[in-house]
Amino acid sequence: MANSKSIEQMEKIVSLCKRRGFIFQSSEIYGGINGFWDYGPLGAELKRNIKDQWWRSMTSDRDDVVGLDATIIMSPKVWEASGHTKTFSDPMVDCLLSKKRYRADQIEPQSGIAYFYDGAKDTESGKTIDEPYSVLLPAGKPPESARKTARQFYGMRGASENAELLGERSEKVENTTRYNPENGSLFTEPRPFNLMFKTFVGPLQDENSVAYLRPETAQAIFAQFKNVLEVSRQKVPFGICQIGKAFRNEVNPRNFTFRSREFEQMELEFFIKPDDVLPEAPAETGEVAPPQPHWGWEKWHQYWVDQRLAWYESIGLSRERLELYWQPEEELAHYARATVDILYQFPFGPQELEGIAARGNFDLTQHHEHSGKSMEYFDEETKSKFIPHVIEPSAGVDRLALALICDAYAEEEVTDDKGKTETRVALKFHPRIAPIKVAVFPLLKNKPELVAKAKEVQALLRPWMNVAYDEAGAIGRRYRRQDEIGTPFCVTIDFDTIGKGEDTSLEGTVTLRDRDSMKQERVSIEELSHLLLKKIR
RNA sequence: GCGGGUGUAGCUUAAUGGUAAAGCUCCAGCCUUCCAAGCUGGCUAUGAGGGUUCGAUUCCCUUCACCCGCUCCA
């Protein structure tokens, strides 16, 4: 999966992220902290743009979705109801021989003869190891095979190959999960790995004040379903969306920011009617592009998959690096009817950006039962009462930011007039999400008229977009700097602009340089903001 | 959590049991009429802690972080 080329590619991207101020290690001056990352000036802009685009497409651009901004810490009862207190706490065991880790609840129970040992004595050095150990053999297997496994175990602790095993005894056991089915070796005691971050609310740090940092933003939406329904005057089908931080105490954060312990989610819960109370479907008329009142969960699910894919394309992710993964039935969570993952082909392999789950009405039903408050909805149209079902598109902001950077990263061979070849690094962001939209340069910085005019143009554009101003170094160098941070447009003020060039008819015009083609066109200052706004929206 | 690898300036690399060097980047100045030009000057580093030693970036121990494989990822 990860070959040396893709590792090198990833290293270049990580290096650029740091060098140009997209992403830093959290707490770097103290040596960092595993699984946490900070966004520098450009990364912060990039993330804002992603979230703004998502929010706009989800709620501002539609009538049937409203927003929510809930707290990170909620009543622990929320997590009891959702099942997270249980399911986010997996007991894990390690094989004492192979060191592999397993989920204790996924071990097949076995029966057979267990051989116990108190320790081992090295016949050569006389050294004793008094660590108890045991091996499970299927009935009928010769005990010598257990001794061989035990010698391997003690061998890893410093005993020689023909060490003497101490205190062997055997016992019949049934339906045990304490032994590795692959090699018969004893496991470590099961240890809980709780993926939720725990904290305490209030001054007393006791069991009664325990609270959790949310492991997903979705539950807040379910918990506030009734309130939002009441005030928004929405009718099912409708959605509630939210952007916010979530926390998971991952066993092993990996792949730069891809799996972090603190991350940001963009989630929509789209509430729909259960299939059994749907209004009668009208005769098909061919085109059903806009949502229809008679749609069942499958149509809504497909609708959101299509919507989300279109959105990713709208912010410039290449469609050919996106793929859909329909989770097979055996992989589905118990509450899900169908889940589609949208994967992006990162240098380290195809990985999930977003999951679109048809969750039935599991969550609202759980809160309905645990809180004792009704989550039912009365549908005027069909005169029926039900707990709405839900379609959940859930995306990771940080993963998307990383995908956008990977997708935009481009190295090109550029040959100059003198035939010298160099590598140009550019982040080819879609103008919608580029941290800086346009950079303004005076051609030369020791000519006050050029500098003054450039600052004027910068001030002209500033109310409409993120503008950079740069006068340091040769003009080519300034272009390359902007290429590397993904600025789509550069505007240069030259002598023609101020009417001191050869062609005085060019007064009041500037050159507009395109990042990807490196081509320049001459445009008037008057048109500039209008022209750019069209390109960046 | 296990195994392997790596840690010297923002980046890439050098060197040494005894003053840590260079190129690029960055900053300032000069110069420069459109794609990393030139000149001058400047900032910045041995991941952290401990040990051995007169003296440790170098040797030893611990720890932290990153990368790879396993594991995990309702």
# chains A, B, ... in the order shown; residues from 1 in each chain; ligands from 1
>>> closest_atom_pairs(of="chain A", to="chain B", cutoff="6 Å", atoms="only C-alpha atoms (C1' of nucleotides)", output="JSON lines")
{"residue": "A:Arg19", "atom": "CA", "partner": "B:G10", "partner_atom": "C1'", "distance": 5.8}
{"residue": "A:Gly31", "atom": "CA", "partner": "B:A65", "partner_atom": "C1'", "distance": 5.8}
{"residue": "A:Gly32", "atom": "CA", "partner": "B:A65", "partner_atom": "C1'", "distance": 5.9}
{"residue": "A:Thr87", "atom": "CA", "partner": "B:A74", "partner_atom": "C1'", "distance": 5.6}
{"residue": "A:Lys99", "atom": "CA", "partner": "B:C2", "partner_atom": "C1'", "distance": 5.5}
{"residue": "A:Arg101", "atom": "CA", "partner": "B:U71", "partner_atom": "C1'", "distance": 5.3}
{"residue": "A:Gly476", "atom": "CA", "partner": "B:C35", "partner_atom": "C1'", "distance": 3.8}
{"residue": "A:Arg477", "atom": "CA", "partner": "B:A36", "partner_atom": "C1'", "distance": 4.6}
>>> residues_around(residues="C59 (chain B)", least_positions_apart="3", cutoff="10 Å", atoms="only C-alpha atoms (C1' of nucleotides)", output="list of chain:residue names")
B:G17, B:U52, B:A56
>>> atom_distance(atom1="C1' of U12 (chain B)", atom2="C1' of G38 (chain B)")
23.2 Å
>>> select_by_dssp(residues="region 315-466 of chain A", states="alpha helix (DSSP H)", output="count of residues only")
36
>>> atom_distance(atom1="CA of Glu216 (chain A)", atom2="CA of Ala246 (chain A)")
5.3 Å
>>> residues_around(residues="region 162-172 of chain A", least_positions_apart="4", cutoff="7 Å", atoms="only C-alpha atoms (C1' of nucleotides)", output="list in words")
Gly112, Ile113, Ala114, Tyr115, Phe116, Tyr117, Asp118, Gly119, Ala120, Lys121, Asp122, Thr123 and Arg151 of chain A
>>> atom_distance(atom1="CA of Phe22 (chain A)", atom2="CA of Met58 (chain A)")
25.9 Å
>>> residues_around(residues="region 425-441 of chain A", least_positions_apart="5", cutoff="8 Å", atoms="only C-alpha atoms (C1' of nucleotides)", output="number ranges by chain")
A: 42-43, 45-46, 49-50, 315-316, 404-405, 407-412, 451, 454-455, 457-458, 465-471, 475, 480, 482-493, 515-516, 535-537
>>> decode(residues="region 293-394 of chain A", atoms="C-alpha atoms", output="mmCIF file, in the first residue's frame")
data_model
loop_
_atom_site.group_PDB
_atom_site.id
_atom_site.type_symbol
_atom_site.label_atom_id
_atom_site.label_comp_id
_atom_site.auth_asym_id
_atom_site.auth_seq_id
_atom_site.Cartn_x
_atom_site.Cartn_y
_atom_site.Cartn_z
ATOM 1 C CA PRO A 293 -42.472 13.764 -0.729
ATOM 2 C CA HIS A 294 -43.034 10.088 -1.421
ATOM 3 C CA TRP A 295 -39.337 9.150 -1.329
ATOM 4 C CA GLY A 296 -38.390 6.266 0.932
ATOM 5 C CA TRP A 297 -35.065 5.908 2.716
ATOM 6 C CA GLU A 298 -33.283 4.322 -0.230
ATOM 7 C CA LYS A 299 -34.019 7.236 -2.531
ATOM 8 C CA TRP A 300 -33.008 9.768 0.114
ATOM 9 C CA HIS A 301 -29.839 7.888 0.802
ATOM 10 C CA GLN A 302 -28.919 7.854 -2.877
ATOM 11 C CA TYR A 303 -29.882 11.515 -3.153
ATOM 12 C CA TRP A 304 -27.433 12.488 -0.415
ATOM 13 C CA VAL A 305 -24.656 10.353 -1.860
ATOM 14 C CA ASP A 306 -25.092 12.210 -5.154
ATOM 15 C CA GLN A 307 -25.268 15.591 -3.427
ATOM 16 C CA ARG A 308 -22.122 14.997 -1.443
ATOM 17 C CA LEU A 309 -20.115 13.770 -4.416
ATOM 18 C CA ALA A 310 -21.165 16.824 -6.390
ATOM 19 C CA TRP A 311 -20.078 19.023 -3.499
ATOM 20 C CA TYR A 312 -16.605 17.497 -3.345
ATOM 21 C CA GLU A 313 -16.229 18.174 -7.036
ATOM 22 C CA SER A 314 -17.439 21.743 -6.546
ATOM 23 C CA ILE A 315 -14.514 22.481 -4.230
ATOM 24 C CA GLY A 316 -12.042 21.010 -6.666
ATOM 25 C CA LEU A 317 -11.374 17.435 -5.546
ATOM 26 C CA SER A 318 -10.674 15.318 -8.597
ATOM 27 C CA ARG A 319 -13.517 12.906 -9.232
ATOM 28 C CA GLU A 320 -11.084 10.222 -10.381
ATOM 29 C CA ARG A 321 -9.468 10.146 -6.949
ATOM 30 C CA LEU A 322 -12.807 9.743 -5.197
ATOM 31 C CA GLU A 323 -14.491 6.391 -4.880
ATOM 32 C CA LEU A 324 -17.619 5.033 -3.250
ATOM 33 C CA TYR A 325 -17.526 2.099 -0.925
ATOM 34 C CA TRP A 326 -20.812 0.420 -0.090
ATOM 35 C CA GLN A 327 -20.330 -1.334 3.207
ATOM 36 C CA PRO A 328 -21.351 -4.990 2.919
ATOM 37 C CA GLU A 329 -24.015 -6.167 5.324
ATOM 38 C CA GLU A 330 -21.595 -7.859 7.725
ATOM 39 C CA GLU A 331 -19.664 -4.611 8.200
ATOM 40 C CA LEU A 332 -22.688 -2.460 8.950
ATOM 41 C CA ALA A 333 -23.193 -1.122 12.444
ATOM 42 C CA HIS A 334 -26.206 -2.723 14.103
ATOM 43 C CA TYR A 335 -28.376 0.373 13.665
ATOM 44 C CA ALA A 336 -27.472 1.020 10.018
ATOM 45 C CA ARG A 337 -29.458 -0.099 7.017
ATOM 46 C CA ALA A 338 -26.851 1.017 4.522
ATOM 47 C CA THR A 339 -23.624 2.992 4.654
ATOM 48 C CA VAL A 340 -21.642 4.418 1.787
ATOM 49 C CA ASP A 341 -18.161 5.731 2.410
ATOM 50 C CA ILE A 342 -16.704 8.378 0.158
ATOM 51 C CA LEU A 343 -13.023 7.533 -0.106
ATOM 52 C CA TYR A 344 -10.210 9.707 -1.348
ATOM 53 C CA GLN A 345 -7.045 8.192 -2.755
ATOM 54 C CA PHE A 346 -4.442 9.626 -0.411
ATOM 55 C CA PRO A 347 -0.772 8.878 -1.083
ATOM 56 C CA PHE A 348 -1.065 6.387 1.807
ATOM 57 C CA GLY A 349 -4.041 4.635 0.229
ATOM 58 C CA PRO A 350 -7.789 5.154 -0.280
ATOM 59 C CA GLN A 351 -9.276 6.417 2.983
ATOM 60 C CA GLU A 352 -12.650 7.603 4.206
ATOM 61 C CA LEU A 353 -13.552 11.281 3.935
ATOM 62 C CA GLU A 354 -17.223 10.874 4.680
ATOM 63 C CA GLY A 355 -19.719 8.214 5.612
ATOM 64 C CA ILE A 356 -23.318 8.464 4.498
ATOM 65 C CA ALA A 357 -25.402 6.211 6.692
ATOM 66 C CA ALA A 358 -29.060 5.331 6.627
ATOM 67 C CA ARG A 359 -29.528 4.945 10.358
ATOM 68 C CA GLY A 360 -33.200 4.067 10.612
ATOM 69 C CA ASN A 361 -34.657 5.656 13.723
ATOM 70 C CA PHE A 362 -32.237 4.041 16.159
ATOM 71 C CA ASP A 363 -30.880 7.235 17.700
ATOM 72 C CA LEU A 364 -34.132 9.106 18.217
ATOM 73 C CA THR A 365 -35.715 5.948 19.591
ATOM 74 C CA GLN A 366 -32.870 5.574 22.076
ATOM 75 C CA HIS A 367 -33.332 9.154 23.300
ATOM 76 C CA HIS A 368 -37.094 8.702 23.261
ATOM 77 C CA GLU A 369 -36.706 5.775 25.653
ATOM 78 C CA HIS A 370 -33.855 6.989 27.834
ATOM 79 C CA SER A 371 -35.043 10.557 28.330
ATOM 80 C CA GLY A 372 -38.704 9.727 28.672
ATOM 81 C CA LYS A 373 -39.409 12.666 26.325
ATOM 82 C CA SER A 374 -41.331 11.930 23.184
ATOM 83 C CA MET A 375 -39.374 12.135 19.944
ATOM 84 C CA GLU A 376 -42.471 11.442 17.903
ATOM 85 C CA TYR A 377 -43.551 13.604 15.030
ATOM 86 C CA PHE A 378 -47.112 14.085 13.870
ATOM 87 C CA ASP A 379 -47.401 14.182 10.134
ATOM 88 C CA GLU A 380 -50.348 16.285 8.971
ATOM 89 C CA GLU A 381 -50.221 14.964 5.462
ATOM 90 C CA THR A 382 -50.632 11.283 6.291
ATOM 91 C CA LYS A 383 -52.201 11.837 9.733
ATOM 92 C CA SER A 384 -49.693 9.505 11.280
ATOM 93 C CA LYS A 385 -47.370 9.667 14.264
ATOM 94 C CA PHE A 386 -43.846 8.297 14.088
ATOM 95 C CA ILE A 387 -40.260 8.643 15.178
ATOM 96 C CA PRO A 388 -38.486 9.937 12.067
ATOM 97 C CA HIS A 389 -35.791 7.926 10.360
ATOM 98 C CA VAL A 390 -32.541 9.570 9.444
ATOM 99 C CA ILE A 391 -29.920 9.794 6.708
ATOM 100 C CA GLU A 392 -26.560 10.932 8.050
ATOM 101 C CA PRO A 393 -23.816 12.344 5.850
ATOM 102 C CA SER A 394 -20.873 12.803 8.218
#
